[in-house]
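Structure below is coords-v3.cif: mmCIF, C-alpha atoms and all ligand atoms.
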data_structure
loop_
_atom_site.label_atom_id
_atom_site.label_comp_id
_atom_site.auth_asym_id
_atom_site.auth_seq_id
_atom_site.Cartn_x
_atom_site.Cartn_y
_atom_site.Cartn_z
CA MET P 24 17.51 -1.97 22.78
CA PRO P 25 17.95 -5.05 24.97
CA GLU P 26 18.26 -8.38 23.17
CA ASP P 27 14.98 -9.68 24.59
CA SER P 28 12.93 -6.93 22.97
CA HIS P 29 14.56 -7.85 19.64
CA GLU P 30 13.75 -11.51 20.23
CA THR P 31 10.14 -10.66 21.10
CA PHE P 32 9.80 -8.67 17.88
CA LEU P 33 11.14 -11.52 15.76
CA ALA P 34 8.93 -14.07 17.56
CA ASP P 35 5.86 -11.88 17.00
CA PHE P 36 6.86 -11.39 13.35
CA ALA P 37 7.16 -15.16 12.85
CA LEU P 38 3.76 -15.74 14.48
CA MET P 39 2.10 -12.96 12.46
CA SER P 40 3.48 -14.50 9.26
CA THR P 41 1.65 -17.79 9.91
CA PHE P 42 -1.71 -16.15 9.12
CA GLY P 43 -2.37 -16.88 5.45
CA ALA P 44 1.10 -18.45 5.08
CA THR P 45 1.82 -19.88 1.62
CA ALA P 46 3.94 -22.92 0.82
CA GLY P 47 6.52 -20.65 -0.84
CA GLY P 48 7.25 -18.71 2.34
CA GLY P 49 4.95 -15.75 1.73
CA VAL P 50 1.43 -14.88 2.77
CA GLU P 51 -1.94 -14.50 1.09
CA ARG P 52 -4.45 -12.49 3.06
CA GLN P 53 -6.27 -10.16 0.72
CA ALA P 54 -8.49 -7.55 2.34
CA ALA P 55 -11.41 -8.83 4.41
CA THR P 56 -10.77 -12.49 3.60
CA PRO P 57 -10.84 -15.02 6.46
CA GLU P 58 -7.00 -14.88 6.58
CA ASP P 59 -7.08 -11.09 6.93
CA GLY P 60 -9.68 -11.62 9.67
CA GLN P 61 -7.36 -14.04 11.47
CA VAL P 62 -4.37 -11.72 11.48
CA ARG P 63 -6.58 -8.81 12.56
CA ALA P 64 -7.93 -10.93 15.45
CA TRP P 65 -4.34 -11.74 16.43
CA LEU P 66 -3.41 -8.04 16.43
CA THR P 67 -6.54 -7.21 18.44
CA ASP P 68 -5.47 -9.75 21.04
CA LEU P 69 -1.91 -8.40 21.09
CA PHE P 70 -3.25 -4.86 21.59
CA ARG P 71 -5.49 -5.96 24.46
CA LYS P 72 -2.78 -7.99 26.21
CA SER P 73 -0.55 -4.91 26.10
CA GLY P 74 -3.16 -2.57 27.56
CA PHE P 75 -4.24 -0.83 24.35
CA GLU P 76 -7.89 0.13 23.86
CA VAL P 77 -9.11 -1.41 20.61
CA HIS P 78 -11.48 0.31 18.17
CA LEU P 79 -12.79 -0.10 14.63
CA ASP P 80 -14.00 2.68 12.37
CA GLY P 81 -16.65 2.47 9.65
CA ILE P 82 -14.24 1.27 6.94
CA GLY P 83 -12.60 -1.41 9.07
CA ASN P 84 -9.46 0.47 10.08
CA LEU P 85 -8.30 -1.22 13.29
CA TYR P 86 -6.83 1.01 16.01
CA GLY P 87 -5.01 0.31 19.28
CA LEU P 88 -4.89 3.32 21.59
CA ILE P 89 -2.79 4.24 24.58
CA GLU P 90 -4.09 7.31 26.32
CA PHE P 91 -1.80 9.24 28.62
CA SER P 92 -3.59 12.52 28.72
CA PRO P 93 -7.39 12.57 28.30
CA GLY P 94 -8.43 15.19 25.77
CA ALA P 95 -4.97 15.54 24.19
CA ASP P 96 -4.53 14.85 20.48
CA TYR P 97 -3.10 11.55 19.30
CA VAL P 98 -0.20 10.68 17.07
CA LEU P 99 -0.76 7.67 14.86
CA PHE P 100 1.67 4.97 13.73
CA GLY P 101 1.00 2.00 11.49
CA SER P 102 0.68 0.38 8.10
CA HIS P 103 -1.40 -2.55 6.77
CA LEU P 104 -1.80 -6.28 7.42
CA ASP P 105 -3.60 -7.18 4.19
CA SER P 106 -1.55 -8.55 1.29
CA GLN P 107 -1.48 -9.08 -2.44
CA PRO P 108 -2.21 -12.60 -3.74
CA MET P 109 0.84 -14.90 -3.22
CA ALA P 110 2.66 -12.02 -1.59
CA GLY P 111 5.66 -11.50 0.64
CA LYS P 112 5.23 -11.37 4.40
CA TYR P 113 6.94 -8.00 4.95
CA ASP P 114 4.88 -5.55 2.87
CA GLY P 115 2.78 -3.60 5.37
CA ALA P 116 2.79 -6.21 8.13
CA TYR P 117 6.34 -5.31 9.15
CA GLY P 118 5.25 -1.70 9.61
CA VAL P 119 2.23 -2.53 11.76
CA LEU P 120 4.27 -4.73 14.07
CA ALA P 121 7.19 -2.28 14.17
CA ALA P 122 4.76 0.50 15.10
CA PHE P 123 3.22 -1.64 17.83
CA HIS P 124 6.60 -2.55 19.35
CA ALA P 125 7.94 0.99 19.11
CA VAL P 126 4.83 2.43 20.75
CA VAL P 127 4.94 -0.17 23.55
CA ARG P 128 8.59 0.70 24.24
CA VAL P 129 7.93 4.45 24.25
CA ALA P 130 4.85 4.10 26.48
CA GLU P 131 6.80 1.88 28.90
CA ALA P 132 9.66 4.36 29.01
CA HIS P 133 7.26 7.18 29.90
CA ARG P 134 5.56 5.08 32.56
CA ALA P 135 8.90 4.03 34.04
CA ALA P 136 10.14 7.62 34.15
CA GLY P 137 6.79 8.96 35.39
CA THR P 138 6.73 11.39 32.48
CA MET P 139 3.85 12.41 30.28
CA PRO P 140 4.18 12.60 26.49
CA LYS P 141 2.59 15.62 24.86
CA TYR P 142 0.34 13.39 22.72
CA ASN P 143 -1.53 10.14 23.18
CA LEU P 144 -0.42 7.19 21.06
CA ALA P 145 -2.28 5.05 18.58
CA VAL P 146 -1.35 2.18 16.26
CA VAL P 147 -3.38 1.43 13.14
CA ASP P 148 -3.86 -1.40 10.69
CA TRP P 149 -5.29 0.44 7.66
CA PHE P 150 -7.96 -1.56 5.85
CA ASN P 151 -7.24 -2.70 2.29
CA GLU P 152 -4.00 -0.94 1.47
CA GLU P 153 -3.32 -3.43 -1.30
CA GLY P 154 -6.38 -2.87 -3.46
CA SER P 155 -6.06 -6.31 -5.04
CA ARG P 156 -9.49 -7.63 -4.04
CA PHE P 157 -11.24 -4.25 -3.85
CA LYS P 158 -9.96 -1.29 -5.89
CA PRO P 159 -8.63 1.32 -5.21
CA SER P 160 -5.54 0.62 -3.13
CA MET P 161 -4.96 2.51 0.14
CA MET P 162 -8.71 2.43 0.75
CA GLY P 163 -8.83 2.75 4.57
CA SER P 164 -6.43 5.68 4.63
CA ALA P 165 -8.22 7.29 1.66
CA VAL P 166 -11.49 7.24 3.61
CA TYR P 167 -9.75 8.45 6.77
CA SER P 168 -8.16 11.36 4.92
CA GLY P 169 -11.40 12.33 3.15
CA LYS P 170 -10.20 11.38 -0.36
CA LEU P 171 -12.83 8.67 -0.76
CA SER P 172 -16.33 8.74 0.72
CA ILE P 173 -17.15 5.92 3.09
CA ASP P 174 -20.40 5.13 1.26
CA GLU P 175 -18.56 4.80 -2.03
CA ALA P 176 -15.86 2.62 -0.46
CA LEU P 177 -18.37 0.31 1.25
CA SER P 178 -20.27 -0.29 -1.97
CA ILE P 179 -17.21 -1.28 -4.06
CA SER P 180 -17.36 -4.98 -5.02
CA ASP P 181 -14.75 -7.61 -5.71
CA SER P 182 -14.73 -9.63 -8.96
CA GLY P 183 -17.24 -12.07 -7.42
CA GLY P 184 -19.72 -9.31 -6.60
CA VAL P 185 -19.08 -9.22 -2.82
CA SER P 186 -19.10 -5.65 -1.51
CA VAL P 187 -16.63 -4.17 0.96
CA ARG P 188 -19.58 -3.67 3.29
CA ASP P 189 -20.57 -7.35 3.19
CA ALA P 190 -17.00 -8.63 3.42
CA LEU P 191 -16.24 -6.42 6.44
CA THR P 192 -19.55 -7.29 8.09
CA ALA P 193 -18.78 -11.00 7.72
CA LEU P 194 -15.59 -10.39 9.73
CA ASP P 195 -17.45 -8.27 12.26
CA ALA P 196 -15.00 -5.54 11.31
CA VAL P 197 -17.25 -2.51 10.87
CA GLY P 198 -17.23 -0.14 13.82
CA ASP P 199 -18.36 3.38 14.57
CA PHE P 200 -15.24 4.76 16.17
CA THR P 201 -13.80 8.11 15.17
CA LEU P 202 -10.19 8.59 16.13
CA PRO P 203 -9.69 11.86 18.00
CA PRO P 204 -7.68 14.47 16.07
CA ILE P 205 -4.13 13.42 15.21
CA ALA P 206 -1.13 15.71 15.26
CA GLY P 207 1.08 13.49 13.13
CA TYR P 208 1.55 10.11 11.49
CA ALA P 209 4.57 7.88 10.92
CA GLU P 210 4.98 4.63 9.02
CA ILE P 211 7.87 2.25 8.45
CA HIS P 212 7.82 -0.01 5.40
CA ILE P 213 10.10 -2.14 3.27
CA GLU P 214 11.40 -0.22 0.27
CA GLN P 215 9.96 -2.68 -2.31
CA GLY P 216 12.52 -1.45 -4.85
CA PRO P 217 16.26 -1.97 -5.21
CA SER P 218 17.81 1.45 -4.52
CA MET P 219 18.75 0.91 -0.86
CA ASP P 220 19.88 -2.68 -1.34
CA ASP P 221 21.98 -1.60 -4.32
CA SER P 222 23.73 1.10 -2.34
CA GLY P 223 23.92 -0.77 0.98
CA VAL P 224 21.94 1.90 2.85
CA LYS P 225 20.08 0.64 5.96
CA ILE P 226 17.55 3.41 6.64
CA GLY P 227 15.63 5.35 4.00
CA ALA P 228 14.24 8.77 4.87
CA VAL P 229 11.45 9.10 2.34
CA ALA P 230 11.49 12.66 1.06
CA ALA P 231 9.02 12.41 -1.83
CA THR P 232 6.53 10.18 -3.58
CA TRP P 233 6.06 9.39 -7.26
CA CYS P 234 2.62 9.94 -8.73
CA ALA P 235 0.32 7.35 -10.27
CA TYR P 236 -2.38 7.19 -12.94
CA LYS P 237 -4.44 4.00 -12.83
CA TYR P 238 -7.25 3.19 -15.24
CA GLU P 239 -9.95 0.57 -15.47
CA VAL P 240 -10.43 0.00 -19.19
CA ALA P 241 -12.77 -2.08 -21.37
CA VAL P 242 -11.84 -3.20 -24.87
CA GLN P 243 -15.09 -3.81 -26.75
CA GLY P 244 -15.33 -6.27 -29.63
CA GLU P 245 -17.98 -8.66 -30.84
CA GLN P 246 -18.56 -12.27 -29.86
CA GLY P 247 -18.25 -14.83 -32.68
CA HIS P 248 -17.19 -18.34 -33.65
CA THR P 249 -13.43 -18.89 -33.52
CA GLY P 250 -13.52 -21.29 -36.47
CA SER P 251 -16.15 -20.12 -38.84
CA MET P 252 -16.06 -16.34 -38.69
CA ARG P 253 -14.16 -14.58 -41.50
CA MET P 254 -10.89 -13.12 -40.28
CA ALA P 255 -11.67 -9.84 -42.01
CA SER P 256 -14.95 -9.47 -40.08
CA ARG P 257 -13.63 -10.18 -36.62
CA LYS P 258 -13.77 -7.67 -33.80
CA ASP P 259 -11.62 -9.60 -31.35
CA ALA P 260 -11.51 -7.81 -27.99
CA LEU P 261 -8.62 -10.00 -26.86
CA LEU P 262 -6.57 -8.97 -29.89
CA GLY P 263 -7.36 -5.32 -29.12
CA ALA P 264 -6.27 -5.93 -25.52
CA ALA P 265 -3.02 -7.56 -26.67
CA HIS P 266 -2.20 -4.46 -28.74
CA LEU P 267 -3.13 -2.26 -25.79
CA ILE P 268 -0.89 -4.20 -23.40
CA THR P 269 2.02 -3.80 -25.80
CA ALA P 270 1.25 -0.10 -26.32
CA VAL P 271 1.20 0.55 -22.55
CA ASN P 272 4.55 -1.17 -22.08
CA GLU P 273 6.18 0.49 -25.09
CA LEU P 274 5.33 3.97 -23.77
CA VAL P 275 8.52 3.86 -21.72
CA ASP P 276 10.62 3.77 -24.90
CA ASP P 277 9.76 7.46 -25.43
CA PHE P 278 11.13 8.47 -22.02
CA GLU P 279 14.48 8.48 -20.30
CA GLN P 280 15.18 5.05 -18.82
CA GLU P 281 13.37 4.32 -15.53
CA THR P 282 11.58 7.67 -15.41
CA LEU P 283 8.27 6.07 -16.38
CA HIS P 284 6.97 2.71 -15.14
CA THR P 285 3.92 1.20 -16.88
CA THR P 286 2.07 -2.06 -16.91
CA VAL P 287 -1.25 -3.77 -17.55
CA SER P 288 -1.76 -5.72 -14.37
CA GLU P 289 -5.18 -7.33 -14.54
CA LEU P 290 -7.25 -8.95 -17.29
CA TYR P 291 -10.81 -10.31 -17.51
CA VAL P 292 -11.86 -11.92 -20.78
CA LEU P 293 -15.55 -12.26 -21.70
CA PRO P 294 -16.86 -14.83 -22.31
CA ASN P 295 -13.46 -16.59 -21.96
CA SER P 296 -14.41 -19.65 -24.03
CA PRO P 297 -11.95 -21.61 -26.19
CA VAL P 298 -14.37 -21.54 -29.12
CA THR P 299 -15.60 -17.95 -28.92
CA ILE P 300 -13.97 -14.72 -29.99
CA ALA P 301 -13.92 -12.41 -26.96
CA ARG P 302 -16.59 -9.69 -26.96
CA GLU P 303 -14.98 -7.69 -24.14
CA VAL P 304 -11.76 -7.55 -22.18
CA ARG P 305 -11.45 -5.54 -19.01
CA LEU P 306 -7.99 -4.59 -17.93
CA HIS P 307 -6.15 -2.39 -15.51
CA ILE P 308 -3.47 0.09 -16.59
CA ASP P 309 -0.94 1.32 -14.01
CA MET P 310 1.44 4.18 -14.86
CA ARG P 311 3.92 5.78 -12.43
CA ALA P 312 6.45 8.58 -12.69
CA GLU P 313 8.18 11.22 -10.64
CA ASN P 314 5.86 13.99 -11.82
CA THR P 315 2.56 14.47 -13.59
CA GLU P 316 4.20 16.16 -16.60
CA ILE P 317 5.69 12.78 -17.49
CA LEU P 318 2.40 10.98 -16.86
CA ASP P 319 0.39 13.51 -18.86
CA ARG P 320 2.78 13.14 -21.79
CA ALA P 321 2.59 9.34 -21.51
CA LEU P 322 -1.20 9.44 -21.39
CA ALA P 323 -1.41 11.63 -24.51
CA LEU P 324 0.89 9.20 -26.34
CA LEU P 325 -1.20 6.27 -25.15
CA LEU P 326 -4.43 7.86 -26.41
CA ALA P 327 -2.84 8.27 -29.86
CA LYS P 328 -1.68 4.63 -29.85
CA ILE P 329 -5.20 3.57 -28.80
CA GLU P 330 -6.74 5.30 -31.82
CA LEU P 331 -4.44 3.33 -34.10
CA LEU P 332 -5.04 -0.01 -32.42
CA GLU P 333 -8.80 0.53 -32.47
CA GLN P 334 -8.67 0.95 -36.26
CA ARG P 335 -6.33 -1.96 -36.73
CA THR P 336 -8.32 -4.44 -34.58
CA ARG P 337 -11.84 -3.04 -35.18
CA THR P 338 -12.35 -2.71 -31.40
CA ALA P 339 -13.22 0.20 -29.15
CA VAL P 340 -11.35 1.12 -25.96
CA GLN P 341 -13.36 2.72 -23.17
CA PHE P 342 -11.94 4.26 -20.00
CA LEU P 343 -14.33 3.23 -17.20
CA ALA P 344 -12.73 4.52 -14.01
CA SER P 345 -9.53 6.06 -12.74
CA ASN P 346 -7.56 6.37 -9.54
CA THR P 347 -4.70 8.83 -9.39
CA TRP P 348 -2.40 10.44 -6.90
CA ARG P 349 0.01 13.29 -7.29
CA SER P 350 3.67 13.40 -6.46
CA GLY P 351 4.53 15.27 -3.29
CA THR P 352 7.06 15.76 -0.57
CA PHE P 353 7.20 14.70 3.06
CA VAL P 354 7.78 17.42 5.66
CA GLU P 355 11.44 18.33 6.00
CA ALA P 356 11.30 18.14 9.82
CA GLY P 357 10.18 14.51 9.53
CA VAL P 358 12.89 13.61 7.01
CA LYS P 359 15.44 15.17 9.37
CA LEU P 360 13.97 13.19 12.27
CA VAL P 361 14.67 9.94 10.42
CA GLU P 362 18.22 11.03 9.57
CA ASP P 363 18.92 12.04 13.18
CA ALA P 364 17.50 8.78 14.58
CA ALA P 365 19.62 6.73 12.14
CA ASP P 366 22.73 8.78 13.02
CA GLU P 367 22.17 8.36 16.77
CA LEU P 368 22.00 4.58 16.32
CA GLY P 369 24.90 4.44 13.86
CA HIS P 370 22.94 3.26 10.83
CA SER P 371 23.69 4.44 7.30
CA HIS P 372 20.87 6.42 5.73
CA ALA P 373 19.84 8.19 2.54
CA ARG P 374 16.99 10.34 1.30
CA VAL P 375 14.85 8.19 -0.99
CA LYS P 376 11.63 8.43 -2.98
CA THR P 377 8.76 6.03 -2.81
CA LEU P 378 7.66 4.67 -6.17
CA ALA P 379 4.91 2.58 -4.54
CA GLY P 380 1.84 4.05 -2.91
CA HIS P 381 1.54 3.89 0.88
CA ASP P 382 -1.04 4.86 3.44
CA ALA P 383 1.45 7.57 4.39
CA THR P 384 0.97 8.95 0.85
CA ASN P 385 -2.64 9.71 1.79
CA ILE P 386 -2.06 10.84 5.38
CA LYS P 387 0.79 13.24 4.48
CA ASP P 388 -1.85 15.51 2.90
CA LEU P 389 -3.63 15.71 6.27
CA VAL P 390 -0.96 16.01 8.97
CA PRO P 391 2.86 16.06 9.19
CA THR P 392 3.87 12.56 8.15
CA VAL P 393 7.08 10.56 8.31
CA LEU P 394 7.81 7.55 6.08
CA VAL P 395 10.82 5.36 6.80
CA PHE P 396 12.16 2.52 4.61
CA VAL P 397 14.26 -0.52 5.36
CA PRO P 398 15.93 -2.38 2.47
CA SER P 399 14.25 -5.06 0.35
CA ILE P 400 16.80 -7.62 -0.84
CA ASP P 401 17.10 -7.29 -4.65
CA GLY P 402 14.07 -4.97 -4.50
CA ILE P 403 11.71 -7.94 -4.74
CA SER P 404 8.14 -7.27 -3.58
CA HIS P 405 4.57 -8.47 -4.22
CA ASN P 406 6.26 -11.84 -4.46
CA GLU P 407 6.73 -14.66 -1.95
CA ARG P 408 10.50 -14.15 -2.30
CA GLU P 409 10.25 -10.65 -0.75
CA LEU P 410 12.94 -10.47 1.95
CA THR P 411 14.29 -8.05 4.51
CA SER P 412 16.95 -9.40 6.87
CA ASP P 413 16.20 -9.73 10.59
CA ILE P 414 19.06 -7.34 11.33
CA ASP P 415 17.58 -4.70 9.00
CA MET P 416 14.08 -5.18 10.44
CA LEU P 417 15.41 -4.76 13.99
CA ALA P 418 17.43 -1.68 13.05
CA GLY P 419 14.24 -0.22 11.58
CA VAL P 420 12.25 -0.86 14.77
CA ASP P 421 14.95 0.81 16.88
CA VAL P 422 15.02 3.83 14.56
CA PHE P 423 11.23 3.94 14.53
CA GLU P 424 11.14 3.88 18.35
CA ARG P 425 13.25 7.06 18.35
CA ILE P 426 10.91 8.62 15.82
CA VAL P 427 7.83 7.72 17.89
CA HIS P 428 9.51 9.14 20.97
CA ALA P 429 10.35 12.37 19.18
CA ILE P 430 6.91 12.84 17.63
CA VAL P 431 4.95 12.20 20.84
CA THR P 432 7.06 14.80 22.54
CA GLY P 433 6.24 17.38 19.85
CA ALA P 434 9.09 17.11 17.30
CA LEU P 435 6.77 17.69 14.33
CA ASP P 436 4.81 20.60 15.87
C1 LIG B 1 -0.05 0.45 -3.42
O1 LIG B 1 0.93 -0.05 -2.87
C2 LIG B 1 0.03 1.06 -4.71
O2 LIG B 1 1.17 1.43 -5.08
O3 LIG B 1 -1.02 1.18 -5.35
MN MN B 2 2.52 -1.86 1.52
MN MN B 3 1.83 -3.88 -1.44
#

Written as structure tokens, that's how I'd like the structure from this file.
Ligand code: GLV
Ligand code: MN
Ligand code: MN
Amino acid sequence: MPEDSHETFLADFALMSTFGATAGGGVERQAATPEDGQVRAWLTDLFRKSGFEVHLDGIGNLYGLIEFSPGADYVLFGSHLDSQPMAGKYDGAYGVLAAFHAVVRVAEAHRAAGTMPKYNLAVVDWFNEEGSRFKPSMMGSAVYSGKLSIDEALSISDSGGVSVRDALTALDAVGDFTLPPIAGYAEIHIEQGPSMDDSGVKIGAVAATWCAYKYEVAVQGEQGHTGSMRMASRKDALLGAAHLITAVNELVDDFEQETLHTTVSELYVLPNSPVTIAREVRLHIDMRAENTEILDRALALLLAKIELLEQRTRTAVQFLASNTWRSGTFVEAGVKLVEDAADELGHSHARVKTLAGHDATNIKDLVPTVLVFVPSIDGISHNERELTSDIDMLAGVDVFERIVHAIVTGALD
């Protein structure tokens, strides 16, 4: 690609990263916050200036469309602009901008050559991929792919009691658009783990996804005075939660190293007073592995550990809600497409797995889907220090352009 298109990408990336910028060089724009609204408005403007038609669906997914052939199906490219709290600026946002630039280049090439792609093109910013403010993660793509009902999604509330419906309405981000049928989907994303950086590989062809079991859990105890209550009578929910956190983390000791990843990632203590024993702690358990056999075994072990900790701390652990996804593979033709595009451009590549969830994880169950990774330095992600070099980002956009070109001309049919 000519230098100036690389410069334009980097300039757009720098501008996009100013929305919700943090002092530490990252971004904070959790779903449907004013900062998310600002970056979405910026993308809307970018779409319009480049001749895309802009639409919103009922769960706030933001689409930019380029129609070549009225009535033909679309192919969709994108990722997400929302972020975790105190996050890096690459996670999701890189993929939306890369999709936009790649689609613009492919559309311009067709216009210049007077040719017609087989499919129309669309770029999407999926609403609430991160799931930090509103659980579950990958919400917009879950609704789009029929895994979550729109009514259920709209009525989910954040920790302050604000619903998705109200938060989206405040941003004027609820529409009634239905994207015409899509024939395929592709997404480019930073790896978020260390495997590519460790091995020096520039392009990851994602061949499979790990699975996840996530649980919303309450540890029930009884409120009491921190000074005067007898130790032997206490039902301290925070003590129960501490044992639970340890139990979740120690599950991995029963498995081969790095085949099971577990954590407790969120904690709410009630009433959270320095002079009161906690009556309830709500927490979030996140377990990931390559296959559900591992997760099922881990869950059974956890349930046994929970029984013991309940007795020991005189608390009760309740599972309130769950969100899970299964492991799965990406279509071989798509994996091959990534490898061919990387070869043509002279970039090293490898078949990799995604340990993180992505919107592509949802969409792959609907239509042929391609997921491409570029390296994350030291595998750091969900952290302001997240970093992908400019050279690696630009290589990814060039590879993605080839993939867009191939898919719109029917390579995944
Ligand atoms: C989203 O990135 C997730 O892994 O839940
Ligand atoms: Mn992401
Ligand atoms: Mn993320």

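Taking all atoms listed in the file into account, P:Ala270 lies nearest to P:Ala321 out of the set P:Met252, P:Ala321, P:Ala145, P:Ala132.
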
Determine, for each residue of chain P having at least one atom at most 10 Å from an atom of ligand MN 2 (chain B), the closest pair of atoms and their separation in Å to one decimal, counting all atoms listed in the file; order by chain and ascending number, as CSV.
residue,atom,partner,partner_atom,distance
P:Ser102,CA,B:MN2,MN,7.2
P:His103,CA,B:MN2,MN,6.6
P:Leu104,CA,B:MN2,MN,8.5
P:Asp105,CA,B:MN2,MN,8.5
P:Ser106,CA,B:MN2,MN,7.8
P:Gln107,CA,B:MN2,MN,9.2
P:Tyr113,CA,B:MN2,MN,8.3
P:Asp114,CA,B:MN2,MN,4.6
P:Gly115,CA,B:MN2,MN,4.2
P:Ala116,CA,B:MN2,MN,7.9
P:Tyr117,CA,B:MN2,MN,9.2
P:Gly118,CA,B:MN2,MN,8.5
P:Asn151,CA,B:MN2,MN,9.8
P:Glu152,CA,B:MN2,MN,6.6
P:Glu153,CA,B:MN2,MN,6.7
P:Ser160,CA,B:MN2,MN,9.6
P:Met161,CA,B:MN2,MN,8.8
P:Ile211,CA,B:MN2,MN,9.7
P:His212,CA,B:MN2,MN,6.8
P:Ile213,CA,B:MN2,MN,7.8
P:Glu214,CA,B:MN2,MN,9.1
P:Gln215,CA,B:MN2,MN,8.4
P:Ala379,CA,B:MN2,MN,7.9
P:Gly380,CA,B:MN2,MN,7.4
P:His381,CA,B:MN2,MN,5.9
P:Asp382,CA,B:MN2,MN,7.8
P:Ala383,CA,B:MN2,MN,9.9
P:Ser404,CA,B:MN2,MN,9.3
P:His405,CA,B:MN2,MN,9.0

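Restricting the calculation to all atoms listed in the file, the smallest distance between ligand MN 3 (chain B) and any of P:Met109, P:Val431, P:Met219, P:Leu394 is found for P:Met109.
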
Which polymer residues have any atom within 8 Å of an atom of stretch 240-244 of chain P, counting all atoms listed in the file, with same-chain residues fewer than 5 positions away left out, as JSON, numbers by chain?
{"P": [258, 259, 260, 261, 263, 264, 301, 302, 303, 304, 305, 306, 307, 308, 337, 338, 339, 340, 341, 342, 343, 344]}

Same residues, C-alpha atoms, output as a PDB file, in the frame of the given file:
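As written to disk, part04.pdb reads:
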ATOM      1  CA  LYS P 258     -13.770  -7.670 -33.800  1.00  0.00           C
ATOM      2  CA  ASP P 259     -11.620  -9.600 -31.350  1.00  0.00           C
ATOM      3  CA  ALA P 260     -11.510  -7.810 -27.990  1.00  0.00           C
ATOM      4  CA  LEU P 261      -8.620 -10.000 -26.860  1.00  0.00           C
ATOM      5  CA  GLY P 263      -7.360  -5.320 -29.120  1.00  0.00           C
ATOM      6  CA  ALA P 264      -6.270  -5.930 -25.520  1.00  0.00           C
ATOM      7  CA  ALA P 301     -13.920 -12.410 -26.960  1.00  0.00           C
ATOM      8  CA  ARG P 302     -16.590  -9.690 -26.960  1.00  0.00           C
ATOM      9  CA  GLU P 303     -14.980  -7.690 -24.140  1.00  0.00           C
ATOM     10  CA  VAL P 304     -11.760  -7.550 -22.180  1.00  0.00           C
ATOM     11  CA  ARG P 305     -11.450  -5.540 -19.010  1.00  0.00           C
ATOM     12  CA  LEU P 306      -7.990  -4.590 -17.930  1.00  0.00           C
ATOM     13  CA  HIS P 307      -6.150  -2.390 -15.510  1.00  0.00           C
ATOM     14  CA  ILE P 308      -3.470   0.090 -16.590  1.00  0.00           C
ATOM     15  CA  ARG P 337     -11.840  -3.040 -35.180  1.00  0.00           C
ATOM     16  CA  THR P 338     -12.350  -2.710 -31.400  1.00  0.00           C
ATOM     17  CA  ALA P 339     -13.220   0.200 -29.150  1.00  0.00           C
ATOM     18  CA  VAL P 340     -11.350   1.120 -25.960  1.00  0.00           C
ATOM     19  CA  GLN P 341     -13.360   2.720 -23.170  1.00  0.00           C
ATOM     20  CA  PHE P 342     -11.940   4.260 -20.000  1.00  0.00           C
ATOM     21  CA  LEU P 343     -14.330   3.230 -17.200  1.00  0.00           C
ATOM     22  CA  ALA P 344     -12.730   4.520 -14.010  1.00  0.00           C
TER      23      ALA P 344
END

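Rounded to one decimal, atom C1 of ligand LIG 1 (chain B) and atom CA of P:Phe396 lie 14.8 Å from each other.
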
Expressed in Å, the length from atom CA of P:Ala323 to atom CA of P:Ser345 is 15.3 Å

Mind giving me the straight-line distance from atom CA of P:Leu69 to atom CA of P:Val127 in Å, one decimal?
11.0 Å

Please report, as JSON, the centre and edge lengths in Å to one decimal of an axis-aligned box covering all listed atoms of ligand LIG 1 (chain B) with 6 Å per side.
{"center_x": 0.1, "center_y": 0.7, "center_z": -4.1, "size_x": 14.2, "size_y": 13.5, "size_z": 14.5}

Would you pick out the contacts of P:Arg52 at 9 Å or less, using only C-alpha atoms, so that residues sharing its chain but fewer than 3 positions from it are not included, and give the list as a list in words?
Phe42, Gly43, Ala44, Ala55, Thr56, Pro57, Glu58, Asp59, Gly60, Val62, Leu104, Asp105, Ser106, Gln107, Pro108, Met109 and Ala110 of chain P

Taking into account all atoms listed in the file, which residue in the set P:Gln334, P:Leu120, P:His372, P:Leu435 is nearest to P:Leu38?
P:Leu120

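Residue nearest ligand MN 3 (chain B), chosen from P:Asp415, P:Glu409, P:Glu90, P:Asp181 and counting only C-alpha atoms and all ligand atoms: P:Glu409.
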
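Residues within 7 Å of P:Pro391, counting all atoms listed in the file and excluding same-chain residues fewer than 3 positions away, are P:Gly207, P:Tyr208, P:Val354, P:Lys387, P:Leu435.
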
With a distance cut-off of 10 Å and all atoms listed in the file, select the neighbouring residues of stretch 25-32 of chain P, excluding the residue or stretch itself and same-chain residues fewer than 4 positions from it, and output the selection as number ranges by chain.
P: 36-38, 117, 120-121, 123-125, 128, 413-414, 416-418, 420-421

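Nearest residue to P:Glu330, choosing from P:Arg425, P:Arg311, P:His266, P:Lys141 and counting only C-alpha atoms: P:His266.
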
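A cut-off of 10 Å from the point (-4.4, 13.3, 30.4), with all atoms listed in the file, picks out the residues P:Glu90, P:Phe91, P:Ser92, P:Pro93, P:Gly94, P:Ala95, P:Met139, P:Pro140, P:Lys141, P:Tyr142, P:Asn143.
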
Could you turn the residues from that selection into a file that holds C-alpha atoms, as a compact mmCIF listing (two decimals), keeping the file's coordinate frame?
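Full text of out.txt as output:
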# COMPACT_ATOMS: atom_id res chain seq x y z
CA GLU P 90 -4.09 7.31 26.32
CA PHE P 91 -1.80 9.24 28.62
CA SER P 92 -3.59 12.52 28.72
CA PRO P 93 -7.39 12.57 28.30
CA GLY P 94 -8.43 15.19 25.77
CA ALA P 95 -4.97 15.54 24.19
CA MET P 139 3.85 12.41 30.28
CA PRO P 140 4.18 12.60 26.49
CA LYS P 141 2.59 15.62 24.86
CA TYR P 142 0.34 13.39 22.72
CA ASN P 143 -1.53 10.14 23.18
